[in-house]
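In what follows, a single structure is set out as structure tokens and then discussed.
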Amino acid sequence: EVAIPTGRYRLQRRGPEPTEAEADQNHRYRLTHPLGEYVLAQGRAADTLPLAAVVFNISQHPTRLSVVEALTGQSGWLALEQLTVETLQCEEHLLFTALTDQGQPVDQEACEKLFQCQAVEPPRPLPTMTAPPPLAENACRYAEATISRVVEANQRFFQEEREKLDQWAEDKMLAAEQGLQDTKAKLRALKRESRQAVSMDAQHQLQTRVRDLERLQRRQRQTIFEVEDEITVQRDALIAALEQRLHQRTDIHRLLTIRWTVV
């Protein structure tokens with residue numbers, strides 16, 4: 001268990017910064033804070049059965065939410081699911097699916113903004129009933145579409161990484177091989193000049209330069225082997241990452257289903 005400090009918490013918002021006294025008296029609250037993570041974990045684990053009815057009051061909202069206002073006087077069903085996709089990293093998506101009683105779908109943005117409104121349970125309990133089948137069908141299609149987008153994003157990422165690796169490898173090999181070719185050309189010229197030298201002093205100087213260039217040539221050949229090894233290491237890492245992403249795991253957890261009304 002993580003120790004969570006007791007006291008007052010201040011939610012970080014846009015606007016003027018708190019005074020030094022206010023900052024000292026309040027803990028800063030955010031979703032990644034241990035308290036925030038605890039609240040989220042409790043919310044995910046909460047039992048949301050039996051189905052509940054919720055009345056969202058848009059008329060009391062301090063700012064205009066046009067996508068919610070368009071639903072005023074309507075009712076329907078809403079489901080919220082948590083989609084987890086595990087590959088090299090863990091991605092989590094909150095997927096809203098909603099329908100009006102007329103069968104019209106409600107988009108993700110409108111569903112999110114619904115939960116910014118004040119809400120109460122209706123005075124009369126919800127009669128025993130179940131969500132219509134199209135709600136689950138739409139939720140399944142939405143989850144599949146989201147997974148497809150994640151897969152496509154992974155494919156684009158690896159395509160870009162492969163192209164960058166290929167270009168980097170080509171540049172490295174070209175630079176190493178070009179250096180070796182230049183040295184070979186210089187060696188041929190020096191050996192030709194050495195054969196034509198008439199004095200011992202000139203022969204000595206030229207042979208010394210030939211020896212130095214041959215040492216450089218051996219180092220450059222070794223450098224090419226090292227570059228090839230480096231390219232192999234980088235490509236193996238890319239292949240390993242690709243194999244890990246090919247074995248992705250997905251999990252869909254239904255967080256809640258509600259009967260909604262907007263007034």
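Ligands are numbered from 1 in the order shown, chains are lettered A, B, ... in the order of the structure tokens, and residues start at 1 in each chain.
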
As a JSON list (two decimals) with N, CA, C and O atoms, in the first residue's frame, list the residues of stretch 13-251 of chain A assigned to strand (DSSP E) by DSSP on the backbone atoms of this structure.
```
[["chain", "number", "residue", "atom", "x", "y", "z"],
["A", 26, "ASN", "N", -2.50, 23.12, 0.72],
["A", 26, "ASN", "CA", -3.20, 22.13, -0.08],
["A", 26, "ASN", "C", -2.21, 21.24, -0.83],
["A", 26, "ASN", "O", -1.18, 21.71, -1.31],
["A", 27, "HIS", "N", -2.56, 19.98, -0.93],
["A", 27, "HIS", "CA", -1.79, 19.07, -1.78],
["A", 27, "HIS", "C", -2.31, 19.22, -3.21],
["A", 27, "HIS", "O", -3.50, 19.38, -3.44],
["A", 28, "ARG", "N", -1.41, 19.14, -4.15],
["A", 28, "ARG", "CA", -1.82, 19.22, -5.56],
["A", 28, "ARG", "C", -2.38, 17.88, -5.99],
["A", 28, "ARG", "O", -1.74, 16.84, -5.86],
["A", 29, "TYR", "N", -3.59, 17.90, -6.53],
["A", 29, "TYR", "CA", -4.28, 16.67, -6.94],
["A", 29, "TYR", "C", -4.24, 16.54, -8.46],
["A", 29, "TYR", "O", -4.52, 17.48, -9.19],
["A", 52, "ALA", "N", -28.54, 1.39, -13.83],
["A", 52, "ALA", "CA", -29.08, 2.59, -13.19],
["A", 52, "ALA", "C", -29.56, 3.57, -14.25],
["A", 52, "ALA", "O", -29.14, 3.51, -15.41],
["A", 53, "ALA", "N", -30.44, 4.46, -13.84],
["A", 53, "ALA", "CA", -30.91, 5.55, -14.70],
["A", 53, "ALA", "C", -30.31, 6.84, -14.18],
["A", 53, "ALA", "O", -30.20, 7.06, -12.97],
["A", 54, "VAL", "N", -29.88, 7.71, -15.09],
["A", 54, "VAL", "CA", -29.26, 8.98, -14.73],
["A", 54, "VAL", "C", -29.91, 10.09, -15.53],
["A", 54, "VAL", "O", -30.08, 9.96, -16.75],
["A", 55, "VAL", "N", -30.25, 11.17, -14.85],
["A", 55, "VAL", "CA", -30.83, 12.35, -15.51],
["A", 55, "VAL", "C", -29.77, 13.44, -15.50],
["A", 55, "VAL", "O", -29.34, 13.91, -14.45],
["A", 56, "PHE", "N", -29.33, 13.85, -16.70],
["A", 56, "PHE", "CA", -28.33, 14.91, -16.84],
["A", 56, "PHE", "C", -29.04, 16.23, -17.06],
["A", 56, "PHE", "O", -29.91, 16.35, -17.93],
["A", 57, "ASN", "N", -28.64, 17.23, -16.27],
["A", 57, "ASN", "CA", -29.29, 18.54, -16.33],
["A", 57, "ASN", "C", -28.38, 19.51, -17.07],
["A", 57, "ASN", "O", -27.46, 20.08, -16.49],
["A", 75, "SER", "N", -33.95, 10.53, -24.42],
["A", 75, "SER", "CA", -33.45, 9.49, -23.53],
["A", 75, "SER", "C", -32.82, 8.40, -24.38],
["A", 75, "SER", "O", -33.02, 8.34, -25.60],
["A", 76, "GLY", "N", -32.08, 7.53, -23.71],
["A", 76, "GLY", "CA", -31.46, 6.43, -24.42],
["A", 76, "GLY", "C", -30.59, 5.59, -23.51],
["A", 76, "GLY", "O", -30.76, 5.60, -22.28],
["A", 77, "TRP", "N", -29.64, 4.89, -24.12],
["A", 77, "TRP", "CA", -28.75, 4.01, -23.40],
["A", 77, "TRP", "C", -27.30, 4.37, -23.70],
["A", 77, "TRP", "O", -26.97, 4.82, -24.79],
["A", 78, "LEU", "N", -26.45, 4.15, -22.68],
["A", 78, "LEU", "CA", -25.03, 4.47, -22.83],
["A", 78, "LEU", "C", -24.19, 3.40, -22.16],
["A", 78, "LEU", "O", -24.52, 2.93, -21.07],
["A", 79, "ALA", "N", -23.11, 3.02, -22.82],
["A", 79, "ALA", "CA", -22.15, 2.07, -22.25],
["A", 79, "ALA", "C", -20.75, 2.68, -22.31],
["A", 79, "ALA", "O", -20.41, 3.38, -23.26],
["A", 80, "LEU", "N", -19.97, 2.42, -21.28],
["A", 80, "LEU", "CA", -18.58, 2.87, -21.24],
["A", 80, "LEU", "C", -17.69, 1.65, -21.03],
["A", 80, "LEU", "O", -17.89, 0.88, -20.09],
["A", 81, "GLU", "N", -16.71, 1.48, -21.94],
["A", 81, "GLU", "CA", -15.80, 0.35, -21.86],
["A", 81, "GLU", "C", -14.36, 0.84, -21.82],
["A", 81, "GLU", "O", -14.03, 1.89, -22.39],
["A", 82, "GLN", "N", -13.53, 0.08, -21.15],
["A", 82, "GLN", "CA", -12.10, 0.35, -21.12],
["A", 82, "GLN", "C", -11.41, -0.68, -22.00],
["A", 82, "GLN", "O", -11.46, -1.88, -21.74],
["A", 83, "LEU", "N", -10.78, -0.19, -23.07],
["A", 83, "LEU", "CA", -10.04, -1.06, -23.98],
["A", 83, "LEU", "C", -8.56, -0.94, -23.66],
["A", 83, "LEU", "O", -8.00, 0.16, -23.65],
["A", 84, "THR", "N", -7.91, -2.07, -23.40],
["A", 84, "THR", "CA", -6.48, -2.10, -23.13],
["A", 84, "THR", "C", -5.79, -2.89, -24.23],
["A", 84, "THR", "O", -6.19, -4.03, -24.52],
["A", 85, "VAL", "N", -4.80, -2.28, -24.85],
["A", 85, "VAL", "CA", -4.02, -2.93, -25.90],
["A", 85, "VAL", "C", -2.57, -2.95, -25.43],
["A", 85, "VAL", "O", -1.97, -1.90, -25.20],
["A", 86, "GLU", "N", -2.02, -4.15, -25.29],
["A", 86, "GLU", "CA", -0.64, -4.32, -24.82],
["A", 86, "GLU", "C", 0.24, -4.79, -25.96],
["A", 86, "GLU", "O", 0.00, -5.85, -26.54],
["A", 90, "CYS", "N", 1.61, -0.25, -22.98],
["A", 90, "CYS", "CA", 0.20, -0.48, -22.70],
["A", 90, "CYS", "C", -0.59, 0.79, -23.06],
["A", 90, "CYS", "O", -0.28, 1.88, -22.57],
["A", 91, "GLU", "N", -1.57, 0.62, -23.94],
["A", 91, "GLU", "CA", -2.44, 1.73, -24.31],
["A", 91, "GLU", "C", -3.82, 1.47, -23.73],
["A", 91, "GLU", "O", -4.35, 0.36, -23.85],
["A", 92, "GLU", "N", -4.42, 2.51, -23.16],
["A", 92, "GLU", "CA", -5.77, 2.39, -22.63],
["A", 92, "GLU", "C", -6.68, 3.41, -23.32],
["A", 92, "GLU", "O", -6.29, 4.56, -23.50],
["A", 93, "HIS", "N", -7.86, 2.96, -23.70],
["A", 93, "HIS", "CA", -8.83, 3.83, -24.36],
["A", 93, "HIS", "C", -10.17, 3.69, -23.65],
["A", 93, "HIS", "O", -10.61, 2.57, -23.35],
["A", 94, "LEU", "N", -10.81, 4.81, -23.38],
["A", 94, "LEU", "CA", -12.16, 4.80, -22.84],
["A", 94, "LEU", "C", -13.13, 5.01, -24.00],
["A", 94, "LEU", "O", -13.09, 6.04, -24.67],
["A", 95, "LEU", "N", -13.99, 4.02, -24.22],
["A", 95, "LEU", "CA", -14.87, 4.03, -25.38],
["A", 95, "LEU", "C", -16.33, 4.19, -24.93],
["A", 95, "LEU", "O", -16.88, 3.32, -24.25],
["A", 96, "PHE", "N", -16.93, 5.30, -25.31],
["A", 96, "PHE", "CA", -18.35, 5.53, -25.06],
["A", 96, "PHE", "C", -19.15, 5.04, -26.27],
["A", 96, "PHE", "O", -18.80, 5.32, -27.42],
["A", 97, "THR", "N", -20.24, 4.36, -25.99],
["A", 97, "THR", "CA", -21.21, 4.00, -27.02],
["A", 97, "THR", "C", -22.58, 4.35, -26.49],
["A", 97, "THR", "O", -22.94, 3.97, -25.37],
["A", 98, "ALA", "N", -23.35, 5.10, -27.28],
["A", 98, "ALA", "CA", -24.67, 5.53, -26.81],
["A", 98, "ALA", "C", -25.66, 5.57, -27.96],
["A", 98, "ALA", "O", -25.29, 5.82, -29.11],
["A", 99, "LEU", "N", -26.92, 5.31, -27.61],
["A", 99, "LEU", "CA", -28.02, 5.37, -28.57],
["A", 99, "LEU", "C", -29.19, 6.12, -27.95],
["A", 99, "LEU", "O", -29.41, 6.04, -26.73],
["A", 100, "THR", "N", -29.92, 6.86, -28.77],
["A", 100, "THR", "CA", -31.19, 7.43, -28.31],
["A", 100, "THR", "C", -32.26, 6.35, -28.43],
["A", 100, "THR", "O", -32.05, 5.29, -29.05],
["A", 105, "PRO", "N", -27.26, 7.00, -33.05],
["A", 105, "PRO", "CA", -26.03, 6.95, -32.24],
["A", 105, "PRO", "C", -25.64, 8.32, -31.72],
["A", 105, "PRO", "O", -25.92, 9.35, -32.36],
["A", 106, "VAL", "N", -25.01, 8.34, -30.55],
["A", 106, "VAL", "CA", -24.49, 9.57, -29.94],
["A", 106, "VAL", "C", -22.98, 9.46, -29.95],
["A", 106, "VAL", "O", -22.43, 8.44, -29.50],
["A", 118, "GLN", "N", -24.42, 18.30, -14.31],
["A", 118, "GLN", "CA", -24.97, 17.80, -13.05],
["A", 118, "GLN", "C", -25.91, 16.64, -13.37],
["A", 118, "GLN", "O", -26.61, 16.66, -14.39],
["A", 119, "ALA", "N", -25.91, 15.65, -12.52],
["A", 119, "ALA", "CA", -26.74, 14.48, -12.77],
["A", 119, "ALA", "C", -27.34, 13.96, -11.48],
["A", 119, "ALA", "O", -26.72, 14.07, -10.41],
["A", 120, "VAL", "N", -28.54, 13.43, -11.59],
["A", 120, "VAL", "CA", -29.23, 12.83, -10.44],
["A", 120, "VAL", "C", -29.91, 11.55, -10.90],
["A", 120, "VAL", "O", -30.13, 11.34, -12.09],
["A", 249, "ARG", "N", -1.86, -8.12, -27.02],
["A", 249, "ARG", "CA", -3.01, -8.62, -26.26],
["A", 249, "ARG", "C", -4.01, -7.49, -26.08],
["A", 249, "ARG", "O", -3.63, -6.34, -25.86],
["A", 250, "THR", "N", -5.27, -7.81, -26.19],
["A", 250, "THR", "CA", -6.31, -6.81, -25.99],
["A", 250, "THR", "C", -7.28, -7.30, -24.92],
["A", 250, "THR", "O", -7.52, -8.51, -24.77],
["A", 251, "ASP", "N", -7.81, -6.34, -24.20],
["A", 251, "ASP", "CA", -8.78, -6.67, -23.15],
["A", 251, "ASP", "C", -9.84, -5.57, -23.13],
["A", 251, "ASP", "O", -9.51, -4.38, -23.20]]
```

As a PyMOL selection string, list the residues of stretch 24-157 of chain A assigned to alpha helix (DSSP H) by DSSP on the backbone atoms of this structure.
-> chain A and resi 24-25+34-45+66-69+108-114+133-157

query: For A:Phe158, which residue out of A:His253, A:Arg141, A:Arg235, A:Arg64 is the nearest one, using only C-alpha atoms?
result: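 For A:Phe158, the nearest of the given residues is A:Arg235.
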
Can you pull out every residue within 10 Å of A:Leu180, counting only C-alpha atoms, but drop anything in the same chain fewer than 5 positions away, and send it as a list in words?
Leu174, Ala175, Ala185, Lys186, Leu216, Gln217, Arg218, Arg219, Gln220, Arg221, Thr223 and Ile224 of chain A

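Closest approach to A:Lys113 from the set A:Ala143, A:Val262, A:Glu228, A:Ser199 is made by A:Val262, with distances taken over only C-alpha atoms.
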